[in-house]
Amino acid sequence: MRAERISWWVPSADRNQGGICRNLDHRVAVGARDLLRLQLRRTGKRAMRTHDRLPEHPAYPPTLGATYLGNGKCRFLVWAPHVERLELKLIAPHQILLAMQPHGRGYYELTTEGVEPGTRYFYRLAGEQDRPDPASRLQPDGVHGASAVIDPQFAWTDEYWHGIPLHQYITYEMHVGTFTPEGTFDAAIGYLDDLRELGVTAVELMPVAQFPGGRNWGYDGVQPFAVQNTYGGPDGLRRLVDAAHQRGLAVVMDVVYNHVGPEGNYLAEFGPYFTARHHTPWGRAINYDDRGSDEVRRFFIENALAWIDAFHIDALRLDAVHAIFDFSARPFLRELGDAVRQEGERLNRRVYTIAESSLNDARLLASKELGGCGIDGQWCDDLHHAVRTALVDDRSGYYADYRGFDHLVKSYRDGFVHDGDYSEYRGRRHGNAVRHVDPIRLVVCSQNHDQVGNRLFGERLTELVSFEQLKLAAALVILSPYQPLLFMGEEYGETAPFQFFISHGDPALVEAVRRGRKEEFARFHWTQEPPDPQDESTFQRCKLNHALKRTGRHRVLRRYYQRLIELRQTESPLAFPHRDRMEIDVLLPGRAMALRNGSADRELMIVFHVGADATTVSPRLRTGAWDKILDSTDSSWDGPGSDLPQQVQSSGEASLYMPPYSVAAYRRS
């Protein structure tokens, strides 16, 4: 057995050590890791593997913020190198100030008694300013108010849940505030059975870290560890995750590690969380490679592990990683991916990282041995843009780089449309090749929060294309070789828009947001006045109308989505896509293509026709009988009717009459 040097950080049980950690440096055989983990777990100690043992002393406890230890005892830990004197201000039942004890490298720590879950507190900086905890778990009164101690105990019922393989992910993106009339985690639980019946296997929550007010997309969060109070706080999130796992649904959390929102952002008063080296579209860049960046990395990596450990989250969607600037030898994203993977191993659960990036860079997915970051999955907007331009004549903004059908074919074949060629929108070459990567690691969609919400009026695809085009777009995503993602409501053709909304308290900031939105829309040559993001009516009109799914064409569309997902899950060439077993044939330039997928014992052929006129195509087919398993124009899907045969006897090819904007699938008998 090969020996490997590993380090574990274990909280000390000795109160005389003030909660400081002991560093246990073991030389153990790789095969003995699980035994060591089991021994640590049985002693009740939380172990977290680190990538490199820090030679400096003292070592640090693994949990930032307020950790309730039971019996009225609580440990507080904060990183505040910018503060010479730090005090803990307990508010209830009586206000009291307690001096925090410095522990080197800018950390302050204190364990005190007489504190119960619900106790509110501030940190007082230099005897003057009262600020909430940067690692607060709950902000009952919003981003400017006191933090609250929470009880880490929860009656989980998912002890036998170990997650699902990545290839089984069919994800449903949800904004908690607009998904239900109540806009809470508990209200969302009532729709989980509906989602399971639809066939989705994972629910992705847009960011729920504490943001200003009660209306926000979530990307203005300022307390990454705190669960939004208006959604139901940490216990509400736990109830939702537990209920999802009971139904076999994984939960993906959208996290934002590229910037921190502007209102209620007090991090810079505590330490060098930001750097002047880099800038993002949203303001100061987070410090991942400047002085003090080790502890900043620790802050955000611990945040990632907290979602997985304390909330049983199955995957993290990493927002806009192209805005994470880091030129260090060990990139933050690689360190984060390693930490998440190891935490999943420790918990015996499948846990993933999925990055959003505009770079079209396969190095995100490459292993660290090959110089990559080792991220498990990546959003691929190229398929969305190709589908959109194939169905709608739109060449504004970044759509200028896409050529409809031709790029639809390229995306199916290669993943990225732009993999090193010239980008008209950017004025330079863009991207690199991803064709060598397992296609299931690319997440694709026909709608998501950005592609809907960043339109001037937030119109969904429902409002922009015909019913037949809507069905075609769904099939292009769900039957693709990639990992499909649906945006809440698309499965039944929701008509409510998804517009940008905020509830900031600073009038100057509100005006800056309004101005910024107008400037962003100018790139698309949209000159009309956008909806006011601060107006509550903008938020209210985005609420879903779930009653639609039981009426008319909305009900038909939902059944159609169910059928597509069923095919995705039960037909092995779709459930286990592999480029080596997949061929794309252009049947009619600019209008029709065929996807042939599988092997001799299980083979599918899917014809996609994106043309506005009916046509006859002749796809290549292996000799034998082929049975029709999907026809989007069938009257059962409220289509115009179809003349496609139920079975095709092929001697090498078939002749199929395809109505406008249609898809048909055949399986070899």
# chains A, B, ... in the order shown; residues from 1 in each chain; ligands from 1

call {"tool": "residues_around", "arguments": {"residues": "range 363-377 of chain A", "least_positions_apart": "3", "cutoff": "9 Å", "atoms": "only C-alpha atoms", "output": "list in words"}}
result
Leu166, Arg317, Pro331, Phe332, Leu333, Arg334, Glu335, Leu336, Gly337, Asp338, Tyr352, Thr353, Ile354, Ala355, Glu356, Ser357, Asn432, Val434, Val437, Ile440, Arg441, Leu442 and Val443 of chain A

call {"tool": "write_last_selection", "arguments": {"atoms": "N, CA, C and O atoms", "output": "PDB file, in the first residue's frame"}}
result
ATOM      1  N   LEU A 166     -23.824  12.066 -11.635  1.00  0.00           N
ATOM      2  CA  LEU A 166     -23.965  13.293 -12.413  1.00  0.00           C
ATOM      3  C   LEU A 166     -24.776  13.073 -13.686  1.00  0.00           C
ATOM      4  O   LEU A 166     -25.531  13.951 -14.109  1.00  0.00           O
ATOM      5  N   ARG A 317     -23.439  25.263  -7.598  1.00  0.00           N
ATOM      6  CA  ARG A 317     -23.316  25.954  -8.885  1.00  0.00           C
ATOM      7  C   ARG A 317     -22.533  27.235  -8.605  1.00  0.00           C
ATOM      8  O   ARG A 317     -22.970  28.106  -7.846  1.00  0.00           O
ATOM      9  N   PRO A 331      -4.698  27.719  -8.024  1.00  0.00           N
ATOM     10  CA  PRO A 331      -5.911  28.528  -8.186  1.00  0.00           C
ATOM     11  C   PRO A 331      -6.968  28.192  -7.129  1.00  0.00           C
ATOM     12  O   PRO A 331      -7.118  27.044  -6.710  1.00  0.00           O
ATOM     13  N   PHE A 332      -7.682  29.219  -6.726  1.00  0.00           N
ATOM     14  CA  PHE A 332      -8.751  29.045  -5.744  1.00  0.00           C
ATOM     15  C   PHE A 332      -9.758  28.000  -6.199  1.00  0.00           C
ATOM     16  O   PHE A 332     -10.215  27.167  -5.404  1.00  0.00           O
ATOM     17  N   LEU A 333     -10.128  28.012  -7.477  1.00  0.00           N
ATOM     18  CA  LEU A 333     -11.131  27.072  -7.963  1.00  0.00           C
ATOM     19  C   LEU A 333     -10.651  25.627  -7.847  1.00  0.00           C
ATOM     20  O   LEU A 333     -11.441  24.723  -7.554  1.00  0.00           O
ATOM     21  N   ARG A 334      -9.364  25.399  -8.066  1.00  0.00           N
ATOM     22  CA  ARG A 334      -8.829  24.045  -7.902  1.00  0.00           C
ATOM     23  C   ARG A 334      -8.882  23.647  -6.430  1.00  0.00           C
ATOM     24  O   ARG A 334      -9.263  22.518  -6.093  1.00  0.00           O
ATOM     25  N   GLU A 335      -8.517  24.566  -5.552  1.00  0.00           N
ATOM     26  CA  GLU A 335      -8.549  24.281  -4.117  1.00  0.00           C
ATOM     27  C   GLU A 335      -9.973  24.026  -3.647  1.00  0.00           C
ATOM     28  O   GLU A 335     -10.240  23.114  -2.849  1.00  0.00           O
ATOM     29  N   LEU A 336     -10.904  24.810  -4.159  1.00  0.00           N
ATOM     30  CA  LEU A 336     -12.309  24.641  -3.806  1.00  0.00           C
ATOM     31  C   LEU A 336     -12.826  23.286  -4.282  1.00  0.00           C
ATOM     32  O   LEU A 336     -13.504  22.559  -3.536  1.00  0.00           O
ATOM     33  N   GLY A 337     -12.528  22.934  -5.534  1.00  0.00           N
ATOM     34  CA  GLY A 337     -12.986  21.658  -6.068  1.00  0.00           C
ATOM     35  C   GLY A 337     -12.453  20.480  -5.268  1.00  0.00           C
ATOM     36  O   GLY A 337     -13.180  19.511  -4.989  1.00  0.00           O
ATOM     37  N   ASP A 338     -11.177  20.555  -4.869  1.00  0.00           N
ATOM     38  CA  ASP A 338     -10.595  19.497  -4.051  1.00  0.00           C
ATOM     39  C   ASP A 338     -11.306  19.382  -2.711  1.00  0.00           C
ATOM     40  O   ASP A 338     -11.626  18.285  -2.243  1.00  0.00           O
ATOM     41  N   TYR A 352     -20.884  17.580  -5.995  1.00  0.00           N
ATOM     42  CA  TYR A 352     -20.283  18.094  -7.228  1.00  0.00           C
ATOM     43  C   TYR A 352     -20.130  19.618  -7.191  1.00  0.00           C
ATOM     44  O   TYR A 352     -20.828  20.318  -6.458  1.00  0.00           O
ATOM     45  N   THR A 353     -19.212  20.107  -8.020  1.00  0.00           N
ATOM     46  CA  THR A 353     -19.107  21.534  -8.317  1.00  0.00           C
ATOM     47  C   THR A 353     -19.420  21.737  -9.793  1.00  0.00           C
ATOM     48  O   THR A 353     -18.936  20.981 -10.646  1.00  0.00           O
ATOM     49  N   ILE A 354     -20.234  22.741 -10.087  1.00  0.00           N
ATOM     50  CA  ILE A 354     -20.647  23.039 -11.463  1.00  0.00           C
ATOM     51  C   ILE A 354     -20.452  24.534 -11.680  1.00  0.00           C
ATOM     52  O   ILE A 354     -21.069  25.354 -10.994  1.00  0.00           O
ATOM     53  N   ALA A 355     -19.585  24.903 -12.592  1.00  0.00           N
ATOM     54  CA  ALA A 355     -19.211  26.300 -12.773  1.00  0.00           C
ATOM     55  C   ALA A 355     -20.012  26.958 -13.885  1.00  0.00           C
ATOM     56  O   ALA A 355     -20.310  26.332 -14.905  1.00  0.00           O
ATOM     57  N   GLU A 356     -20.336  28.222 -13.671  1.00  0.00           N
ATOM     58  CA  GLU A 356     -20.817  29.066 -14.768  1.00  0.00           C
ATOM     59  C   GLU A 356     -19.645  29.910 -15.238  1.00  0.00           C
ATOM     60  O   GLU A 356     -18.969  30.546 -14.421  1.00  0.00           O
ATOM     61  N   SER A 357     -19.392  29.914 -16.530  1.00  0.00           N
ATOM     62  CA  SER A 357     -18.275  30.684 -17.062  1.00  0.00           C
ATOM     63  C   SER A 357     -18.598  31.145 -18.470  1.00  0.00           C
ATOM     64  O   SER A 357     -19.203  30.410 -19.253  1.00  0.00           O
ATOM     65  N   ASN A 432     -11.794  27.441 -26.192  1.00  0.00           N
ATOM     66  CA  ASN A 432     -10.965  26.320 -26.633  1.00  0.00           C
ATOM     67  C   ASN A 432     -11.838  25.076 -26.723  1.00  0.00           C
ATOM     68  O   ASN A 432     -13.021  25.106 -26.384  1.00  0.00           O
ATOM     69  N   VAL A 434     -13.693  21.506 -26.269  1.00  0.00           N
ATOM     70  CA  VAL A 434     -14.188  20.706 -25.155  1.00  0.00           C
ATOM     71  C   VAL A 434     -14.722  19.363 -25.647  1.00  0.00           C
ATOM     72  O   VAL A 434     -15.347  18.626 -24.895  1.00  0.00           O
ATOM     73  N   VAL A 437     -14.237  16.084 -23.699  1.00  0.00           N
ATOM     74  CA  VAL A 437     -14.818  15.969 -22.361  1.00  0.00           C
ATOM     75  C   VAL A 437     -16.140  15.209 -22.442  1.00  0.00           C
ATOM     76  O   VAL A 437     -16.907  15.356 -23.398  1.00  0.00           O
ATOM     77  N   ILE A 440     -21.828  14.848 -20.682  1.00  0.00           N
ATOM     78  CA  ILE A 440     -22.750  15.017 -19.572  1.00  0.00           C
ATOM     79  C   ILE A 440     -22.250  16.070 -18.595  1.00  0.00           C
ATOM     80  O   ILE A 440     -23.003  16.558 -17.744  1.00  0.00           O
ATOM     81  N   ARG A 441     -20.993  16.474 -18.716  1.00  0.00           N
ATOM     82  CA  ARG A 441     -20.439  17.488 -17.813  1.00  0.00           C
ATOM     83  C   ARG A 441     -20.776  18.906 -18.254  1.00  0.00           C
ATOM     84  O   ARG A 441     -20.447  19.863 -17.548  1.00  0.00           O
ATOM     85  N   LEU A 442     -21.428  19.050 -19.409  1.00  0.00           N
ATOM     86  CA  LEU A 442     -21.869  20.372 -19.876  1.00  0.00           C
ATOM     87  C   LEU A 442     -23.365  20.522 -19.613  1.00  0.00           C
ATOM     88  O   LEU A 442     -24.156  19.670 -20.002  1.00  0.00           O
ATOM     89  N   VAL A 443     -23.738  21.615 -18.943  1.00  0.00           N
ATOM     90  CA  VAL A 443     -25.136  21.884 -18.599  1.00  0.00           C
ATOM     91  C   VAL A 443     -25.725  22.831 -19.634  1.00  0.00           C
ATOM     92  O   VAL A 443     -25.166  23.906 -19.895  1.00  0.00           O
TER      93      VAL A 443
END

call {"tool": "residues_around", "arguments": {"residues": "Asn545 in chain A", "least_positions_apart": "4", "cutoff": "12 Å", "atoms": "only C-alpha atoms", "output": "NGL selection string"}}
result
:A and (178-181 or 488-490 or 492-497 or 540-541 or 549-551 or 554)

call {"tool": "closest_atom_pairs", "arguments": {"of": "range 458-492 of chain A", "to": "range 603-614 of chain A", "cutoff": "9 Å", "atoms": "only C-alpha atoms", "output": "tab-separated table"}}
result
residue	atom	partner	partner_atom	distance
A:Gln469	CA	A:Val610	CA	8.0
A:Leu472	CA	A:Phe608	CA	7.6
A:Ala475	CA	A:Phe608	CA	8.6
A:Leu476	CA	A:Phe608	CA	7.7
A:Leu479	CA	A:Ile606	CA	8.6

call {"tool": "atom_distance", "arguments": {"atom1": "CA of Glu128 in chain A", "atom2": "CA of His144 in chain A"}}
result
15.5 Å

call {"tool": "select_by_dssp", "arguments": {"residues": "range 389-554 of chain A", "states": "strand (DSSP E or B)", "output": "mmCIF file with N, CA and C atoms, in the first residue's frame"}}
result
data_model
loop_
_atom_site.group_PDB
_atom_site.id
_atom_site.type_symbol
_atom_site.label_atom_id
_atom_site.label_comp_id
_atom_site.auth_asym_id
_atom_site.auth_seq_id
_atom_site.Cartn_x
_atom_site.Cartn_y
_atom_site.Cartn_z
ATOM 1 N N ASP A 421 -12.230 30.169 -32.315
ATOM 2 C CA ASP A 421 -12.416 30.985 -33.515
ATOM 3 C C ASP A 421 -12.692 32.436 -33.131
ATOM 4 N N TYR A 422 -12.875 33.277 -34.147
ATOM 5 C CA TYR A 422 -13.047 34.706 -33.926
ATOM 6 C C TYR A 422 -14.462 35.015 -33.446
ATOM 7 N N SER A 423 -14.553 35.830 -32.415
ATOM 8 C CA SER A 423 -15.828 36.276 -31.875
ATOM 9 C C SER A 423 -16.067 37.719 -32.289
ATOM 10 N N ARG A 428 -12.213 39.353 -30.838
ATOM 11 C CA ARG A 428 -11.003 38.535 -30.686
ATOM 12 C C ARG A 428 -11.400 37.060 -30.747
ATOM 13 N N ARG A 429 -10.379 36.192 -30.781
ATOM 14 C CA ARG A 429 -10.658 34.761 -30.706
ATOM 15 C C ARG A 429 -11.178 34.405 -29.313
ATOM 16 N N HIS A 430 -11.997 33.355 -29.266
ATOM 17 C CA HIS A 430 -12.643 33.033 -27.995
ATOM 18 C C HIS A 430 -12.780 31.533 -27.816
ATOM 19 N N LEU A 442 -21.428 19.050 -19.409
ATOM 20 C CA LEU A 442 -21.869 20.372 -19.876
ATOM 21 C C LEU A 442 -23.365 20.522 -19.613
ATOM 22 N N VAL A 443 -23.738 21.615 -18.943
ATOM 23 C CA VAL A 443 -25.136 21.884 -18.599
ATOM 24 C C VAL A 443 -25.725 22.831 -19.634
ATOM 25 N N VAL A 444 -26.865 22.432 -20.230
ATOM 26 C CA VAL A 444 -27.471 23.218 -21.310
ATOM 27 C C VAL A 444 -28.929 23.514 -20.985
ATOM 28 N N GLN A 483 -26.188 17.690 -20.204
ATOM 29 C CA GLN A 483 -26.994 17.656 -18.986
ATOM 30 C C GLN A 483 -28.056 18.760 -19.054
ATOM 31 N N PRO A 484 -29.348 18.395 -19.079
ATOM 32 C CA PRO A 484 -30.383 19.411 -19.294
ATOM 33 C C PRO A 484 -30.780 20.139 -18.011
ATOM 34 N N LEU A 485 -31.061 21.420 -18.166
ATOM 35 C CA LEU A 485 -31.567 22.255 -17.078
ATOM 36 C C LEU A 485 -32.824 22.962 -17.548
ATOM 37 N N LEU A 486 -33.862 22.943 -16.717
ATOM 38 C CA LEU A 486 -35.111 23.648 -16.992
ATOM 39 C C LEU A 486 -35.218 24.843 -16.066
ATOM 40 N N PHE A 487 -35.829 25.911 -16.545
ATOM 41 C CA PHE A 487 -36.084 27.078 -15.700
ATOM 42 C C PHE A 487 -37.530 27.031 -15.227
#

call {"tool": "closest_residue", "arguments": {"among": "A:Glu653, A:Ala592, A:Glu109, A:Leu97", "to": "Leu621 in chain A", "atoms": "only C-alpha atoms"}}
result
A:Glu653

call {"tool": "residues_around", "arguments": {"residues": "range 74-82 of chain A", "least_positions_apart": "6", "cutoff": "8 Å", "atoms": "only C-alpha atoms", "output": "MDAnalysis selection string"}}
result
chainID A and resid 19 63:68 105:113 115:116 133:135 269:272 295

call {"tool": "closest_residue", "arguments": {"among": "A:Gly453, A:Gly624, A:Gly264, A:Gly598", "to": "Glu571 in chain A", "atoms": "only C-alpha atoms"}}
result
A:Gly598

call {"tool": "closest_residue", "arguments": {"among": "A:Leu567, A:Val465, A:Cys380, A:Ala522", "to": "Asp393 in chain A", "atoms": "only C-alpha atoms"}}
result
A:Val465

call {"tool": "atom_distance", "arguments": {"atom1": "CA of Ala512 in chain A", "atom2": "CA of Pro262 in chain A"}}
result
11.1 Å

call {"tool": "atom_distance", "arguments": {"atom1": "CA of Val255 in chain A", "atom2": "CA of Tyr121 in chain A"}}
result
25.3 Å

call {"tool": "closest_residue", "arguments": {"among": "A:Arg435, A:His504, A:Arg413, A:Lys89", "to": "Asn597 in chain A", "atoms": "only C-alpha atoms"}}
result
A:Arg413
